[in-house]
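Reading through the structure tokens given below for one structure.
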Protein chains: 2
Amino acid sequence: MRSLQFPPYRMNIREEDINPKFVQLFKSIFGFDQIEFDCFLSSFRVRHFKRKEFFLRAGDICLAKAYVNHGCTRNFVIDERGHEKVMCFAMEDWWLGDFESYYSGRPGTTFIQMMEDTEVFEISKEDFLKREQEIPKLKQWYSYKMMRSAIAAKSRLTELETLTAEERYLLLMERQPEIFQRVPLKYIASYLNIEAPSLSRLRSRLLKKK
Amino acid sequence: MRSLQFPPYRMNIREEDINPKFVQLFKSIFGFDQIEFDCFLSSFRVRHFKRKEFFLRAGDICLAKAYVNHGCTRNFVIDERGHEKVMCFAMEDWWLGDFESYYSGRPGTTFIQMMEDTEVFEISKEDFLKREQEIPKLKQWYSYKMMRSAIAAKSRLTELETLTAEERYLLLMERQPEIFQRVPLKYIASYLNIEAPSLSRLRSRLLKKK
DNA sequence: CCATTTTCTTAACCTCGGTAAAGGGTCGTG
DNA sequence: CACGACCCTTTACCGAGGTTAAGAAAATGG
């Protein structure tokens with residue numbers, strides 16, 4: 001890729017303001033040097049969202065993915081009864097997008113809403129495909145992420161089928177304790193697939209046990 | 001791949017006994033000619049299982065995948081309370097295996113048990129990797145299947161979170177009606193994530209409605 | 001710093017589905 | 001044919017969690 005022509009920089013951001021994990025991925029794991037990294041960065045644009053703003057809504061066609069530099073989002077769907085169901089929370093070092101819509105090119109079903117003021121680096125589907133063709137490792141990396149995502153979805157499915165609400169709560173406490181500092185409990189309840197009053201009951205039950 | 005040396009045939013089966021979808025995939029979609037197809041087939045071996053036999057058990061390391069030529073299996077896990085939870089049924093034209101164990105090389109959590117006498121074509125991880133290196137399209141196809149599988153797992157997750165047991169039952173009736181002819185209801189109940197008596201109640205409720 | 005919105009908890013009530021056990025039906029094999 | 005194995009349904013009981021509403025606490029924005 002050393003000889004490639006990249007478009008002029010669009011991304012105007014100091015490197016010390018970029019999540020170290022992002023830099024590390026491309027410099028250490030992909031072995032980009034400074035020039036290559038800067039070139040790669042130029043495919044992205046920085047976007048800022050206020051709390052409550054949406055990155056994506058059901059019905060939108062997802063034409064880009066975005067890296068969360070800082071901030072926090074909730075991804076949810078709305079079922080036939082009009083209830084919101086939180087599928088996951090994305091925070092620093094996660095990628096945003098509606099997988100299915102991105103690949104099918106059809107309108108998606110996912111809402112992605114900011115839970116905090118959030119900064120993301122966005123890259124269009126088109127640009128990502130170009131970079132993928134130039135950088136074989138990028139394709140490998142993405143295919144690996146896809147596999148991880150398939151495994152993660154299956155294991156979350158298993159958890160939902162085999163664990164009680166209380167067990168899912170304790171698991172979340174263990175895995176992503178920071179969520180409880182950053183996200184209202186009602187959304188956590190939704191993620192656990194229970195209603196807010198049930199989560200309250202569950203929590204007070206656990207408090208009494210101790 | 002025309003000039004490749006393949007190992008001598010191991011698979012002794014008449015082509016008319018092979019599911020047409022299997023032949024079509026490799027001949028039409030991959031564009032294999034007869035010799036190439038026969039060579040590719042030679043990486044597989046035919047295995048026969050009796051009803052109730054296992055292809056895989058929790059704790060096993062999954063070192064192969066297998067194409068279901070005819071027959072039917074249930075894939076399930078066992079939770080902490082010792083309950084079996086059916087994750088899916090695999091029948092003609094499905095592939096068997098424990099995804100996660102296959103990739104991680106660690107012991108898996110999945111049981112795959114025959115619901116009928118079943119014939120599969122098995123290919124080892126090792127041989128599949130070799131074929132993938134010789135046949136780029138195979139890798140593409142597999143990467144595509146991975147993506148589909150990730151999307152399917154996510155959509156099944158959404159269904160489990162947003163639909164009632166009755167809705168999931170009707171959906172299954174619509175999508176895979178043949179399952180009701182081939183699989184005992186208690187396993188279908190487990191797949192729907194309810195107990196057998198609940199499925200009975202649900203069914204008699206639906207009968208009365210009509 | 002106040003007004004408004006949002007969030008969390010609690011209560012009362014009710015439904016759905018889990019559990020266990022029993023009975024009847026069906027299938028296959030000796 | 002007869003036996004056992006397996007399967008399906010039904011019953012009765014119980015508990016977890018949904019629903020709705022209300023009030024207190026906290027956070028947000030001007």
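Labels used: A, B, ... for chains in the order of the structure tokens, numbers from 1 for residues in each chain, and numbers from 1 for ligands as shown.
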
Within 10 Å of chain A, which residues of chain D are there when counting only C-alpha atoms (C1' of nucleotides)? Please give them as a PDB file with N, CA and C atoms (P, O5', C5', C4', C3', O3' and C1' of nucleotides), in the first residue's frame.
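Contents of the output file part14.pdb:
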```pdb
ATOM      1  P    DA D  16     -39.787 -15.931  42.852  1.00  0.00           P
ATOM      2  O5'  DA D  16     -39.423 -15.384  41.408  1.00  0.00           O
ATOM      3  C5'  DA D  16     -39.252 -16.325  40.341  1.00  0.00           C
ATOM      4  C4'  DA D  16     -39.549 -15.626  39.032  1.00  0.00           C
ATOM      5  C3'  DA D  16     -39.006 -14.209  38.961  1.00  0.00           C
ATOM      6  O3'  DA D  16     -38.414 -14.017  37.689  1.00  0.00           O
ATOM      7  C1'  DA D  16     -41.362 -14.193  38.640  1.00  0.00           C
ATOM      8  P    DG D  17     -37.663 -12.667  37.389  1.00  0.00           P
ATOM      9  O5'  DG D  17     -38.756 -11.838  36.576  1.00  0.00           O
ATOM     10  C5'  DG D  17     -39.303 -12.398  35.399  1.00  0.00           C
ATOM     11  C4'  DG D  17     -40.552 -11.624  35.011  1.00  0.00           C
ATOM     12  C3'  DG D  17     -40.328 -10.105  34.870  1.00  0.00           C
ATOM     13  O3'  DG D  17     -40.972  -9.695  33.686  1.00  0.00           O
ATOM     14  C1'  DG D  17     -42.168 -10.528  36.235  1.00  0.00           C
ATOM     15  P    DG D  18     -40.731  -8.307  32.982  1.00  0.00           P
ATOM     16  O5'  DG D  18     -42.201  -7.868  32.541  1.00  0.00           O
ATOM     17  C5'  DG D  18     -42.949  -8.717  31.687  1.00  0.00           C
ATOM     18  C4'  DG D  18     -44.386  -8.233  31.638  1.00  0.00           C
ATOM     19  C3'  DG D  18     -44.547  -6.750  31.349  1.00  0.00           C
ATOM     20  O3'  DG D  18     -45.605  -6.569  30.406  1.00  0.00           O
ATOM     21  C1'  DG D  18     -45.548  -7.277  33.457  1.00  0.00           C
ATOM     22  P    DT D  19     -45.894  -5.125  29.800  1.00  0.00           P
ATOM     23  O5'  DT D  19     -46.933  -4.468  30.818  1.00  0.00           O
ATOM     24  C5'  DT D  19     -48.194  -5.082  31.026  1.00  0.00           C
ATOM     25  C4'  DT D  19     -49.016  -4.214  31.953  1.00  0.00           C
ATOM     26  C3'  DT D  19     -48.879  -2.710  31.694  1.00  0.00           C
ATOM     27  O3'  DT D  19     -50.168  -2.200  31.418  1.00  0.00           O
ATOM     28  C1'  DT D  19     -48.620  -3.220  34.016  1.00  0.00           C
TER      29       DT D  19
END
```

Which residues of chain C come within 12 Å of chain A, and for each one, what is the closest pair of atoms and their distance in Å to one decimal, counting only C-alpha atoms (C1' of nucleotides), sorted by chain and residue number, as a Markdown table?
```
| residue | atom | partner | partner_atom | distance |
| --- | --- | --- | --- | --- |
| C:DT6 | C1' | A:Pro184 | CA | 9.6 |
| C:DT7 | C1' | A:Pro184 | CA | 7.2 |
| C:DC8 | C1' | A:Ser200 | CA | 7.9 |
| C:DT9 | C1' | A:Ser200 | CA | 6.6 |
| C:DT10 | C1' | A:Pro197 | CA | 8.5 |
| C:DA11 | C1' | A:Pro197 | CA | 10.7 |
```

How close does each residue of chain B get to chain A, giving the shortest atom pair and distance in Å to one decimal for every residue with an atom at most 6 Å away, counting only C-alpha atoms, sorted by chain and residue number, as a Markdown table?
```
| residue | atom | partner | partner_atom | distance |
| --- | --- | --- | --- | --- |
| B:Asp79 | CA | A:Thr162 | CA | 5.7 |
| B:Ala150 | CA | A:Ala150 | CA | 3.8 |
| B:Ala153 | CA | A:Ala153 | CA | 5.6 |
| B:Lys154 | CA | A:Ala153 | CA | 5.7 |
| B:Leu157 | CA | A:Leu157 | CA | 5.7 |
| B:Thr162 | CA | A:Asp79 | CA | 5.7 |
```

Same residues, C-alpha atoms, output as an mmCIF file, in the first residue's frame:
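The resulting file, result.cif, is reproduced below:
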```cif
data_model
loop_
_atom_site.group_PDB
_atom_site.id
_atom_site.type_symbol
_atom_site.label_atom_id
_atom_site.label_comp_id
_atom_site.auth_asym_id
_atom_site.auth_seq_id
_atom_site.Cartn_x
_atom_site.Cartn_y
_atom_site.Cartn_z
ATOM 1 C CA ASP B 79 -27.456 -24.882 31.410
ATOM 2 C CA ALA B 150 -23.824 -13.329 12.323
ATOM 3 C CA ALA B 153 -27.898 -14.895 15.215
ATOM 4 C CA LYS B 154 -28.647 -11.228 15.776
ATOM 5 C CA LEU B 157 -31.768 -12.554 19.373
ATOM 6 C CA THR B 162 -39.382 -8.867 21.147
#
```

Expected answer as a PDB file with N, CA and C atoms, in the first residue's frame: strand (DSSP E) residues in stretch 56-112 of chain A:
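Contents of part_20.pdb, as written:
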```pdb
ATOM      1  N   LEU A  56     -28.467   6.780  13.927  1.00  0.00           N
ATOM      2  CA  LEU A  56     -29.215   5.978  12.960  1.00  0.00           C
ATOM      3  C   LEU A  56     -30.608   5.739  13.517  1.00  0.00           C
ATOM      4  N   ALA A  64     -22.546   3.812   6.379  1.00  0.00           N
ATOM      5  CA  ALA A  64     -21.242   4.108   6.974  1.00  0.00           C
ATOM      6  C   ALA A  64     -21.109   3.367   8.287  1.00  0.00           C
ATOM      7  N   LYS A  65     -19.871   3.222   8.731  1.00  0.00           N
ATOM      8  CA  LYS A  65     -19.676   2.771  10.104  1.00  0.00           C
ATOM      9  C   LYS A  65     -18.868   3.827  10.834  1.00  0.00           C
ATOM     10  N   ALA A  66     -18.925   3.787  12.142  1.00  0.00           N
ATOM     11  CA  ALA A  66     -18.274   4.848  12.906  1.00  0.00           C
ATOM     12  C   ALA A  66     -17.631   4.276  14.156  1.00  0.00           C
ATOM     13  N   TYR A  67     -16.418   4.758  14.417  1.00  0.00           N
ATOM     14  CA  TYR A  67     -15.661   4.355  15.600  1.00  0.00           C
ATOM     15  C   TYR A  67     -15.975   5.329  16.723  1.00  0.00           C
ATOM     16  N   VAL A  68     -16.325   4.806  17.904  1.00  0.00           N
ATOM     17  CA  VAL A  68     -16.627   5.686  19.036  1.00  0.00           C
ATOM     18  C   VAL A  68     -15.324   6.095  19.713  1.00  0.00           C
ATOM     19  N   ASN A  69     -14.955   7.364  19.552  1.00  0.00           N
ATOM     20  CA  ASN A  69     -13.731   7.859  20.178  1.00  0.00           C
ATOM     21  C   ASN A  69     -13.958   8.169  21.650  1.00  0.00           C
ATOM     22  N   HIS A  70     -15.020   8.898  21.945  1.00  0.00           N
ATOM     23  CA  HIS A  70     -15.510   8.929  23.323  1.00  0.00           C
ATOM     24  C   HIS A  70     -16.985   9.233  23.344  1.00  0.00           C
ATOM     25  N   CYS A  72     -20.998   7.459  24.537  1.00  0.00           N
ATOM     26  CA  CYS A  72     -21.740   6.232  24.826  1.00  0.00           C
ATOM     27  C   CYS A  72     -23.089   6.254  24.106  1.00  0.00           C
ATOM     28  N   THR A  73     -23.456   5.146  23.508  1.00  0.00           N
ATOM     29  CA  THR A  73     -24.736   5.074  22.787  1.00  0.00           C
ATOM     30  C   THR A  73     -25.541   3.862  23.256  1.00  0.00           C
ATOM     31  N   ARG A  74     -26.821   3.919  22.961  1.00  0.00           N
ATOM     32  CA  ARG A  74     -27.627   2.703  23.111  1.00  0.00           C
ATOM     33  C   ARG A  74     -28.178   2.320  21.748  1.00  0.00           C
ATOM     34  N   ASN A  75     -28.103   1.035  21.418  1.00  0.00           N
ATOM     35  CA  ASN A  75     -28.677   0.522  20.174  1.00  0.00           C
ATOM     36  C   ASN A  75     -29.954  -0.206  20.535  1.00  0.00           C
ATOM     37  N   PHE A  76     -31.052   0.183  19.914  1.00  0.00           N
ATOM     38  CA  PHE A  76     -32.303  -0.488  20.258  1.00  0.00           C
ATOM     39  C   PHE A  76     -33.187  -0.677  19.050  1.00  0.00           C
ATOM     40  N   VAL A  77     -34.171  -1.564  19.203  1.00  0.00           N
ATOM     41  CA  VAL A  77     -35.198  -1.749  18.185  1.00  0.00           C
ATOM     42  C   VAL A  77     -36.539  -1.452  18.843  1.00  0.00           C
ATOM     43  N   ILE A  78     -37.577  -1.276  18.026  1.00  0.00           N
ATOM     44  CA  ILE A  78     -38.924  -1.084  18.569  1.00  0.00           C
ATOM     45  C   ILE A  78     -39.785  -2.233  18.080  1.00  0.00           C
ATOM     46  N   GLU A  84     -39.499  -0.191  23.220  1.00  0.00           N
ATOM     47  CA  GLU A  84     -38.078  -0.147  22.889  1.00  0.00           C
ATOM     48  C   GLU A  84     -37.361  -1.322  23.549  1.00  0.00           C
ATOM     49  N   LYS A  85     -36.474  -1.965  22.796  1.00  0.00           N
ATOM     50  CA  LYS A  85     -35.671  -3.059  23.339  1.00  0.00           C
ATOM     51  C   LYS A  85     -34.210  -2.758  23.078  1.00  0.00           C
ATOM     52  N   VAL A  86     -33.453  -2.508  24.135  1.00  0.00           N
ATOM     53  CA  VAL A  86     -32.027  -2.198  23.990  1.00  0.00           C
ATOM     54  C   VAL A  86     -31.253  -3.480  23.667  1.00  0.00           C
ATOM     55  N   MET A  87     -30.535  -3.460  22.576  1.00  0.00           N
ATOM     56  CA  MET A  87     -29.767  -4.641  22.168  1.00  0.00           C
ATOM     57  C   MET A  87     -28.330  -4.567  22.675  1.00  0.00           C
ATOM     58  N   CYS A  88     -27.750  -3.381  22.690  1.00  0.00           N
ATOM     59  CA  CYS A  88     -26.423  -3.232  23.293  1.00  0.00           C
ATOM     60  C   CYS A  88     -26.086  -1.775  23.527  1.00  0.00           C
ATOM     61  N   PHE A  89     -25.072  -1.567  24.334  1.00  0.00           N
ATOM     62  CA  PHE A  89     -24.524  -0.238  24.552  1.00  0.00           C
ATOM     63  C   PHE A  89     -23.165  -0.187  23.879  1.00  0.00           C
ATOM     64  N   ALA A  90     -22.886   0.890  23.179  1.00  0.00           N
ATOM     65  CA  ALA A  90     -21.563   1.029  22.566  1.00  0.00           C
ATOM     66  C   ALA A  90     -20.844   2.197  23.211  1.00  0.00           C
ATOM     67  N   MET A  91     -19.620   1.952  23.628  1.00  0.00           N
ATOM     68  CA  MET A  91     -18.855   3.040  24.198  1.00  0.00           C
ATOM     69  C   MET A  91     -17.480   3.076  23.547  1.00  0.00           C
ATOM     70  N   TRP A  95     -17.637  -0.013  17.461  1.00  0.00           N
ATOM     71  CA  TRP A  95     -18.030   0.492  16.152  1.00  0.00           C
ATOM     72  C   TRP A  95     -19.539   0.559  16.051  1.00  0.00           C
ATOM     73  N   LEU A  96     -20.044   1.632  15.474  1.00  0.00           N
ATOM     74  CA  LEU A  96     -21.485   1.818  15.314  1.00  0.00           C
ATOM     75  C   LEU A  96     -21.932   1.456  13.906  1.00  0.00           C
ATOM     76  N   PHE A 111     -32.155   1.573  15.943  1.00  0.00           N
ATOM     77  CA  PHE A 111     -31.916   2.950  16.367  1.00  0.00           C
ATOM     78  C   PHE A 111     -30.603   2.986  17.131  1.00  0.00           C
ATOM     79  N   ILE A 112     -29.798   4.006  16.856  1.00  0.00           N
ATOM     80  CA  ILE A 112     -28.596   4.222  17.670  1.00  0.00           C
ATOM     81  C   ILE A 112     -28.644   5.649  18.197  1.00  0.00           C
TER      82      ILE A 112
END
```

- Mind checking which residues fall within 9 Å of stretch 14-21 of chain B, counting only C-alpha atoms (C1' of nucleotides), ignoring those fewer than 2 positions away in the same chain, and posting them as an NGL selection string? :B and (12 or 23-26 or 68-70 or 92-93)

- Item | Two-atom distance - atom CA of B:Lys139, atom CA of A:Lys139 (Å) |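 Computed distance, atom CA of B:Lys139 to atom CA of A:Lys139, equals 12.3 Å.
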
- Please indicate the distance in Å from atom CA of A:Arg47 to atom CA of A:Trp94, rounded to one decimal place.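 Rounded to one decimal, the two atoms are 15.0 Å apart.
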
Give me the residues within 10 Å of C:DA22 as a tab-separated table (two decimals) with C-alpha atoms (C1' of nucleotides), in the first residue's frame, counting only C-alpha atoms (C1' of nucleotides) and dropping any in the same chain fewer than 2 places off.
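Result written to selection.tsv:
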```
chain	number	residue	atom	x	y	z
C	20	DA	C1'	-44.31	-31.92	39.24
C	24	DG	C1'	-53.55	-41.96	28.02
D	10	DT	C1'	-53.83	-31.95	31.42
D	11	DT	C1'	-54.20	-30.64	36.24
```

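For the pair atom CA of A:Phe55 and atom CA of A:Leu170, the interatomic distance is 29.6 Å.
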
Residues near C:DT29, cut-off 12 Å, only C-alpha atoms (C1' of nucleotides), skip fewer than 6 positions along chain, as a PDB file with N, CA and C atoms (P, O5', C5', C4', C3', O3' and C1' of nucleotides), in the first residue's frame:
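See selection17.pdb below for the written result:
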```pdb
ATOM      1  P    DC D   1     -52.743 -58.645  18.099  1.00  0.00           P
ATOM      2  O5'  DC D   1     -53.007 -59.757  19.226  1.00  0.00           O
ATOM      3  C5'  DC D   1     -52.199 -60.938  19.148  1.00  0.00           C
ATOM      4  C4'  DC D   1     -51.196 -60.940  20.284  1.00  0.00           C
ATOM      5  C3'  DC D   1     -51.403 -59.874  21.362  1.00  0.00           C
ATOM      6  O3'  DC D   1     -51.196 -60.478  22.640  1.00  0.00           O
ATOM      7  C1'  DC D   1     -49.207 -59.700  20.489  1.00  0.00           C
ATOM      8  P    DA D   2     -51.773 -59.794  23.995  1.00  0.00           P
ATOM      9  O5'  DA D   2     -50.376 -59.413  24.640  1.00  0.00           O
ATOM     10  C5'  DA D   2     -49.346 -60.397  24.770  1.00  0.00           C
ATOM     11  C4'  DA D   2     -48.104 -59.704  25.319  1.00  0.00           C
ATOM     12  C3'  DA D   2     -48.398 -58.658  26.387  1.00  0.00           C
ATOM     13  O3'  DA D   2     -47.342 -58.681  27.337  1.00  0.00           O
ATOM     14  C1'  DA D   2     -47.325 -57.623  24.574  1.00  0.00           C
ATOM     15  P    DC D   3     -47.593 -58.093  28.808  1.00  0.00           P
ATOM     16  O5'  DC D   3     -46.216 -57.360  29.106  1.00  0.00           O
ATOM     17  C5'  DC D   3     -44.989 -57.925  28.620  1.00  0.00           C
ATOM     18  C4'  DC D   3     -44.080 -56.801  28.194  1.00  0.00           C
ATOM     19  C3'  DC D   3     -44.103 -55.594  29.122  1.00  0.00           C
ATOM     20  O3'  DC D   3     -42.909 -55.566  29.905  1.00  0.00           O
ATOM     21  C1'  DC D   3     -44.134 -54.966  26.799  1.00  0.00           C
ATOM     22  P    DG D   4     -42.767 -54.375  31.037  1.00  0.00           P
ATOM     23  O5'  DG D   4     -41.870 -53.333  30.246  1.00  0.00           O
ATOM     24  C5'  DG D   4     -40.838 -53.809  29.404  1.00  0.00           C
ATOM     25  C4'  DG D   4     -40.326 -52.668  28.536  1.00  0.00           C
ATOM     26  C3'  DG D   4     -40.081 -51.373  29.310  1.00  0.00           C
ATOM     27  O3'  DG D   4     -38.846 -50.832  28.843  1.00  0.00           O
ATOM     28  C1'  DG D   4     -41.581 -50.961  27.521  1.00  0.00           C
ATOM     29  P    DA D   5     -38.207 -49.585  29.622  1.00  0.00           P
ATOM     30  O5'  DA D   5     -38.161 -48.506  28.446  1.00  0.00           O
ATOM     31  C5'  DA D   5     -37.737 -48.908  27.147  1.00  0.00           C
ATOM     32  C4'  DA D   5     -38.082 -47.805  26.160  1.00  0.00           C
ATOM     33  C3'  DA D   5     -37.835 -46.399  26.720  1.00  0.00           C
ATOM     34  O3'  DA D   5     -37.145 -45.640  25.741  1.00  0.00           O
ATOM     35  C1'  DA D   5     -40.073 -46.602  25.964  1.00  0.00           C
TER      36       DA D   5
END
```

- Message: When DSSP is applied to the backbone of this structure, which of stretch 62-165 of chain A are assigned alpha helix (DSSP H)? Write them out as a PyMOL selection string.
- Response: chain A and resi 99-104+125-134+136-162+165

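Taking only C-alpha atoms into account, B:Ile61 lies nearest to B:Asp98 out of the set B:Glu178, B:Glu119, B:Asp127, B:Asp98.
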